[in-house]
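Visitor: Coordinates in target_39.txt, compact mmCIF, C-alpha atoms, are listed below.
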```txt
# COMPACT_ATOMS: atom_id res chain seq x y z
CA MET A 291 -49.58 -0.09 -2.28
CA ALA A 292 -52.68 -1.45 -3.98
CA LEU A 293 -55.95 0.43 -3.86
CA ARG A 294 -58.58 -1.24 -1.67
CA PHE A 295 -62.29 -1.58 -2.31
CA ASP A 296 -63.40 -3.80 0.57
CA ALA A 297 -65.00 -1.41 3.06
CA GLY A 298 -68.56 -2.08 1.90
CA ARG A 299 -69.37 1.47 0.75
CA VAL A 300 -67.67 3.71 -1.78
CA CYS A 301 -67.40 6.54 0.77
CA LEU A 302 -65.62 4.18 3.19
CA ASP A 303 -63.34 2.97 0.38
CA LEU A 304 -62.32 6.61 -0.08
CA LEU A 305 -61.10 6.63 3.54
CA ALA A 306 -58.74 3.75 2.74
CA THR A 307 -56.89 5.98 0.25
CA GLY A 308 -55.33 7.82 3.17
CA HIS A 309 -54.15 4.78 5.13
CA PRO A 310 -51.47 3.84 6.01
CA ARG A 311 -50.15 6.68 3.85
CA GLU A 312 -51.52 8.93 1.15
CA GLN A 313 -52.42 7.00 -1.99
CA LEU A 314 -54.03 9.81 -3.96
CA VAL A 315 -50.63 11.19 -4.89
CA SER A 316 -51.32 11.92 -8.55
CA VAL A 317 -54.16 12.53 -10.94
CA GLY A 318 -53.51 9.08 -12.38
CA ALA A 319 -53.89 7.47 -8.94
CA LEU A 320 -57.14 9.36 -8.37
CA CYS A 321 -58.51 8.29 -11.76
CA ALA A 322 -57.56 4.68 -11.00
CA TRP A 323 -59.44 4.93 -7.70
CA ILE A 324 -62.51 6.51 -9.36
CA GLN A 325 -62.64 3.72 -11.93
CA GLY A 326 -61.80 0.95 -9.44
CA ALA A 327 -64.52 2.13 -7.07
CA GLY A 328 -67.07 1.91 -9.87
CA ILE A 329 -68.03 5.56 -9.64
CA VAL A 330 -67.84 5.68 -13.43
CA PRO A 331 -68.46 2.86 -15.90
CA ALA A 332 -65.41 0.94 -17.12
CA GLY A 333 -63.69 2.72 -19.96
CA THR A 334 -64.92 6.21 -19.02
CA ALA A 335 -62.44 8.80 -20.21
CA LEU A 336 -61.01 10.90 -17.39
CA GLU A 337 -58.21 12.62 -19.32
CA HIS A 338 -59.69 15.99 -18.41
CA ALA A 339 -58.96 15.42 -14.70
CA ASP A 340 -56.39 17.78 -13.27
CA ALA A 341 -54.52 18.42 -10.03
CA SER A 342 -57.41 20.43 -8.56
CA TRP A 343 -59.40 17.18 -8.36
CA LEU A 344 -56.90 15.74 -5.86
CA GLY A 345 -57.53 18.48 -3.32
CA GLN A 346 -61.29 18.20 -3.73
CA PHE A 347 -61.35 14.43 -3.21
CA ARG A 348 -59.01 14.68 -0.22
CA GLU A 349 -61.26 17.36 1.27
CA VAL A 350 -64.29 15.09 0.92
CA ARG A 351 -62.30 12.23 2.44
CA GLY A 352 -61.74 14.39 5.52
CA HIS A 353 -65.45 15.13 5.75
CA VAL A 354 -66.32 11.45 5.39
CA GLN A 355 -63.86 10.66 8.18
CA GLN A 356 -65.51 13.23 10.41
CA LEU A 357 -69.03 11.97 9.74
CA VAL A 358 -68.66 8.20 9.84
CA ARG A 359 -66.18 7.57 12.63
CA PRO A 360 -67.95 5.97 15.56
CA GLY A 361 -68.50 8.57 18.25
CA GLY A 362 -68.16 11.48 15.79
CA GLY A 363 -70.52 13.55 17.90
CA ASP A 364 -71.88 17.01 17.38
CA THR A 365 -68.68 19.04 17.30
CA ALA A 366 -68.12 22.14 15.19
CA ALA A 367 -65.98 20.09 12.79
CA TYR A 368 -68.77 17.52 12.46
CA ARG A 369 -71.30 20.26 11.71
CA ARG A 370 -68.99 21.83 9.07
CA ALA A 371 -68.47 18.43 7.45
CA LEU A 372 -72.21 17.80 7.39
CA VAL A 373 -72.92 21.16 5.76
CA ARG A 374 -70.26 20.59 3.10
CA VAL A 375 -71.39 17.04 2.31
CA ASN A 376 -74.97 18.26 1.97
CA GLU A 377 -73.80 21.01 -0.41
CA LEU A 378 -71.89 18.50 -2.52
CA ALA A 379 -74.82 16.05 -2.57
CA ALA A 380 -77.04 18.75 -4.09
CA ALA A 381 -75.04 18.79 -7.34
CA ALA A 382 -76.20 16.71 -10.27
CA PRO A 383 -74.43 13.33 -10.52
CA PRO A 384 -73.12 12.14 -13.89
CA ALA A 385 -75.96 11.29 -16.26
CA PRO A 386 -75.91 7.62 -17.31
CA ARG A 387 -77.25 6.30 -20.56
CA ALA A 388 -77.71 2.84 -22.05
CA VAL A 389 -75.74 2.23 -25.25
CA ARG A 390 -76.02 -0.78 -27.50
CA ARG A 391 -72.65 -2.33 -28.28
CA GLN A 392 -71.73 -4.31 -31.34
CA GLY A 393 -73.30 -7.68 -30.70
CA GLY A 394 -76.44 -6.19 -29.18
CA ASP A 395 -75.53 -5.96 -25.49
CA LEU A 396 -76.56 -2.82 -23.61
CA VAL A 397 -73.89 -1.16 -21.50
CA ARG A 398 -73.89 1.86 -19.25
CA GLU A 399 -71.95 4.94 -20.32
CA LEU A 400 -71.98 8.53 -19.16
CA ALA A 401 -73.67 11.10 -21.36
CA ALA A 402 -70.68 13.44 -21.02
CA PRO A 403 -67.24 13.35 -19.39
CA PRO A 404 -67.86 13.80 -15.66
CA GLY A 405 -66.53 16.79 -13.79
CA PRO A 406 -65.37 16.69 -10.19
CA ALA A 407 -68.62 18.20 -8.85
CA ALA A 408 -70.67 15.38 -10.40
CA LEU A 409 -68.34 12.69 -9.06
CA LEU A 410 -68.21 14.27 -5.61
CA ALA A 411 -72.02 14.42 -5.65
CA LEU A 412 -72.06 10.62 -5.95
CA LEU A 413 -69.68 10.28 -3.01
CA ALA A 414 -71.60 12.81 -0.92
CA ARG A 415 -74.89 11.04 -1.62
CA ASP A 416 -73.33 7.76 -0.51
CA VAL A 417 -72.28 9.42 2.76
CA VAL A 418 -75.77 10.88 3.25
CA GLU A 419 -77.35 7.47 2.65
CA LEU A 420 -74.95 5.82 5.10
CA ILE A 421 -75.31 8.30 7.96
CA THR A 422 -79.11 8.55 7.66
CA ASP A 423 -79.76 4.79 7.50
CA PRO A 424 -79.86 3.55 11.11
CA VAL A 425 -79.20 -0.07 10.11
CA ALA A 426 -76.20 0.79 7.94
CA ARG A 427 -74.91 3.31 10.46
CA ALA A 428 -75.04 0.66 13.20
CA ALA A 429 -72.97 -1.67 10.99
CA VAL A 430 -70.03 0.76 10.72
CA ARG A 431 -67.09 -0.72 12.62
CA GLU A 432 -63.52 0.25 13.38
CA CYS A 433 -60.83 -2.23 12.44
CA ALA A 434 -59.47 -4.16 15.43
CA GLY A 435 -56.02 -4.39 13.83
CA ASP A 436 -53.06 -2.81 15.57
CA ASN A 437 -52.29 0.63 14.13
CA CYS A 438 -55.26 0.49 11.73
CA THR A 439 -57.68 3.40 11.73
CA LEU A 440 -59.97 2.22 8.94
CA VAL A 441 -63.70 1.76 9.24
CA TYR A 442 -65.87 -0.64 7.27
CA LEU A 443 -69.46 -1.77 6.92
CA ASP A 444 -69.91 -5.06 8.75
CA THR A 445 -72.39 -7.10 6.74
CA SER A 446 -70.99 -10.42 7.92
CA ARG A 447 -73.18 -13.15 9.31
CA GLY A 448 -73.67 -12.49 13.00
CA ARG A 449 -71.93 -9.09 12.64
CA ARG A 450 -68.64 -10.56 13.86
CA ARG A 451 -66.20 -9.11 11.34
CA ARG A 452 -63.22 -7.71 13.24
CA TRP A 453 -60.86 -6.37 10.60
CA CYS A 454 -61.03 -4.02 7.65
CA SER A 455 -59.52 -6.87 5.64
CA SER A 456 -58.99 -10.46 6.64
CA GLU A 457 -56.07 -10.62 4.22
CA VAL A 458 -54.32 -7.53 5.64
CA CYS A 459 -55.10 -6.80 9.28
CA GLY A 460 -56.60 -10.22 10.00
CA ASN A 461 -53.54 -11.99 8.68
CA ARG A 462 -51.23 -9.71 10.72
CA GLU A 463 -53.22 -10.52 13.85
CA ARG A 464 -53.12 -14.27 13.21
CA VAL A 465 -49.34 -14.15 12.62
CA ALA A 466 -48.82 -12.12 15.81
CA ARG A 467 -50.99 -14.53 17.81
CA HIS A 468 -49.02 -17.51 16.42
CA ARG A 469 -45.72 -15.86 17.38
CA ARG A 470 -46.95 -15.18 20.91
CA ARG A 471 -48.02 -18.82 21.31
CA ALA A 472 -44.70 -20.05 19.86
CA THR A 473 -42.76 -17.82 22.26
CA LEU A 474 -44.78 -19.07 25.25
CA ALA A 475 -44.32 -22.69 24.14
CA ALA A 476 -40.56 -22.20 23.78
CA ARG A 477 -40.35 -20.83 27.33
CA ALA A 478 -42.30 -23.75 28.79
```
Could you write out this structure as structure tokens?
Guide:
Amino acid sequence: MALRFDAGRVCLDLLATGHPREQLVSVGALCAWIQGAGIVPAGTALEHADASWLGQFREVRGHVQQLVRPGGGDTAAYRRALVRVNELAAAAPPAPRAVRRQGGDLVRELAAPPGPAALLALLARDVVELITDPVARAAVRECAGDNCTLVYLDTSRGRRRRWCSSEVCGNRERVARHRRRATLAARA
């Protein structure tokens, strides 16, 4: 299953790593997600990542789920998730620096290999920004696809996006609708 980065926010993309089944099954898969999500610049070495990172990122994913799901409410679990995300957001994120490459172009690199606390701080800050921005918060939608529990940021024109992905859930819905029409036509 390919990693997805189409939810509109990095914290929402993290939610997609648990659907329809666990995708963060190895340190390599986690590192691929970190790099694919753009949390670190391309080419950042993550060889120091270990199995403890998996548990930490999955924990944050659970907190994100609790905080961004429509109708999350003020439950004890919501309050615990909010406290933990605020704690994580307080850590220093990875320090970027501009480096001149051969040929003169400036590129972004990290000053040091990032640890999990720094990377989780970036994710936690993204969650804080999302849940405290009334416009962004109002644009969080649940996918209308059958058996899909993903949420996404609807930035479409007219705010009419219905699926987490037009290519995945949208395509399934269109195929199902076509089959229903074909079945009805065959009966007529």
Visitor: What does the structure give for the distance between CA of Ala414 (chain A) and CA of Val317 (chain A), in Å to one decimal?
Guide: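 For CA of Ala414 (chain A) relative to CA of Val317 (chain A), the distance reads 20.1 Å.
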Visitor: Between CA of Val418 (chain A) and CA of Ala382 (chain A), measure the distance and give it in Å to one decimal.
Guide: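 It comes out at 14.7 Å.
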Visitor: For region 436-439 of chain A, please output as a compact mmCIF listing (two decimals) with C-alpha atoms, in the coordinates of the input all residues within 10 Å (counting all atoms listed in the file; exclusion window: fewer than 5 positions along the same chain).
Guide:
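Now in around-v1.txt:
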```
# COMPACT_ATOMS: atom_id res chain seq x y z
CA LEU A 305 -61.10 6.63 3.54
CA ALA A 306 -58.74 3.75 2.74
CA GLY A 308 -55.33 7.82 3.17
CA HIS A 309 -54.15 4.78 5.13
CA PRO A 310 -51.47 3.84 6.01
CA ARG A 359 -66.18 7.57 12.63
CA TRP A 453 -60.86 -6.37 10.60
CA CYS A 454 -61.03 -4.02 7.65
CA CYS A 459 -55.10 -6.80 9.28
CA GLY A 460 -56.60 -10.22 10.00
CA ARG A 462 -51.23 -9.71 10.72
CA GLU A 463 -53.22 -10.52 13.85
```
Visitor: With all atoms listed in the file as the basis for distance, which of A:Pro404, A:Pro386, A:Pro424, A:Gly328 is at the shortest distance from Leu304 (chain A)?
Guide: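 Looking at the shortest contact to Leu304 (chain A), the residue is A:Gly328.
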Visitor: In Å, with one decimal, what is the gap from CA of Cys301 (chain A) to CA of Arg370 (chain A)?
Guide: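 Distance reported for this atom pair: 17.5 Å.
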Visitor: If you count only C-alpha atoms, which residues fall within 12 Å of Gly333 (chain A), apart from same-chain ones fewer than 4 positions away, as a PDB file with C-alpha atoms, in the coordinates of the input?
Guide:
```
ATOM      1  CA  CYS A 321     -58.510   8.290 -11.760  1.00  0.00           C
ATOM      2  CA  ALA A 322     -57.560   4.680 -11.000  1.00  0.00           C
ATOM      3  CA  ILE A 324     -62.510   6.510  -9.360  1.00  0.00           C
ATOM      4  CA  GLN A 325     -62.640   3.720 -11.930  1.00  0.00           C
ATOM      5  CA  GLY A 326     -61.800   0.950  -9.440  1.00  0.00           C
ATOM      6  CA  GLY A 328     -67.070   1.910  -9.870  1.00  0.00           C
ATOM      7  CA  ILE A 329     -68.030   5.560  -9.640  1.00  0.00           C
ATOM      8  CA  GLU A 337     -58.210  12.620 -19.320  1.00  0.00           C
ATOM      9  CA  VAL A 397     -73.890  -1.160 -21.500  1.00  0.00           C
ATOM     10  CA  ARG A 398     -73.890   1.860 -19.250  1.00  0.00           C
ATOM     11  CA  GLU A 399     -71.950   4.940 -20.320  1.00  0.00           C
ATOM     12  CA  LEU A 400     -71.980   8.530 -19.160  1.00  0.00           C
ATOM     13  CA  PRO A 403     -67.240  13.350 -19.390  1.00  0.00           C
TER      14      PRO A 403
END
```
Visitor: A:Arg311, A:Arg477, A:Arg469, A:His338: which is nearest Leu440 (chain A), counting only C-alpha atoms?
Guide: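 Of all the options, A:Arg311 lies closest to Leu440 (chain A).
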Visitor: Can you tell me which residues surround Arg351 (chain A) at a distance of at most 12 Å, considering all atoms listed in the file, apart from same-chain residues fewer than 4 positions away, and format the answer as a PyMOL selection string?
Guide: chain A and resi 300-309+312+314+344-347+355-359+371+374-375+410+413-414+417
Visitor: Of the residues A:Thr334, A:Ser455, A:Leu420, A:Gly318, which is the one nearest to Glu432 (chain A), using all atoms listed in the file?
Guide: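 Once distances to Glu432 (chain A) are computed over all atoms listed in the file, the minimum belongs to A:Ser455.
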Visitor: Quick one: everything within 10 Å of Ala428 (chain A), counting only C-alpha atoms, minus sequence neighbours fewer than 6 positions away in the same chain. Send it as a list in words.
Guide: Pro360, Leu420, Ile421, Leu443 and Asp444 of chain A
Visitor: Tell me which of A:Ala426, A:Val441, A:Ala478, A:Val350 sits closest to Asp296 (chain A), counting all atoms listed in the file.
Guide: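 Looking at the shortest contact to Asp296 (chain A), the residue is A:Val441.
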Visitor: Quick one: region 306-321 of chain A with N, CA and C atoms, as a short mmCIF file (atom, residue, chain, number, x, y, z; two decimals), in the coordinates of the input?
Guide:
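Result went into selection07.cif, see below:
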```cif
data_model
loop_
_atom_site.label_atom_id
_atom_site.label_comp_id
_atom_site.auth_asym_id
_atom_site.auth_seq_id
_atom_site.Cartn_x
_atom_site.Cartn_y
_atom_site.Cartn_z
N ALA A 306 -59.91 4.64 2.83
CA ALA A 306 -58.74 3.75 2.74
C ALA A 306 -57.63 4.34 1.88
N THR A 307 -57.94 5.37 1.08
CA THR A 307 -56.89 5.98 0.25
C THR A 307 -55.93 6.83 1.06
N GLY A 308 -56.23 7.05 2.32
CA GLY A 308 -55.33 7.82 3.17
C GLY A 308 -54.60 6.98 4.20
N HIS A 309 -54.74 5.67 4.12
CA HIS A 309 -54.15 4.78 5.13
C HIS A 309 -53.38 3.66 4.46
N PRO A 310 -52.24 3.27 4.89
CA PRO A 310 -51.47 3.84 6.01
C PRO A 310 -50.72 5.12 5.61
N ARG A 311 -50.71 5.41 4.31
CA ARG A 311 -50.15 6.68 3.85
C ARG A 311 -50.97 7.14 2.65
N GLU A 312 -50.76 8.35 2.25
CA GLU A 312 -51.52 8.93 1.15
C GLU A 312 -51.35 8.13 -0.13
N GLN A 313 -52.45 7.74 -0.73
CA GLN A 313 -52.42 7.00 -1.99
C GLN A 313 -52.88 7.85 -3.17
N LEU A 314 -53.61 8.92 -2.89
CA LEU A 314 -54.03 9.81 -3.96
C LEU A 314 -52.93 10.85 -4.19
N VAL A 315 -51.82 10.37 -4.73
CA VAL A 315 -50.63 11.19 -4.89
C VAL A 315 -50.51 11.80 -6.28
N SER A 316 -51.36 11.39 -7.19
CA SER A 316 -51.32 11.92 -8.55
C SER A 316 -52.71 11.85 -9.15
N VAL A 317 -52.89 12.58 -10.23
CA VAL A 317 -54.16 12.53 -10.94
C VAL A 317 -54.42 11.12 -11.45
N GLY A 318 -53.37 10.45 -11.91
CA GLY A 318 -53.51 9.08 -12.38
C GLY A 318 -54.00 8.14 -11.29
N ALA A 319 -53.46 8.30 -10.07
CA ALA A 319 -53.89 7.47 -8.94
C ALA A 319 -55.35 7.75 -8.60
N LEU A 320 -55.75 9.01 -8.65
CA LEU A 320 -57.14 9.36 -8.37
C LEU A 320 -58.06 8.75 -9.43
N CYS A 321 -57.69 8.87 -10.68
CA CYS A 321 -58.51 8.29 -11.76
C CYS A 321 -58.61 6.78 -11.62
#
```
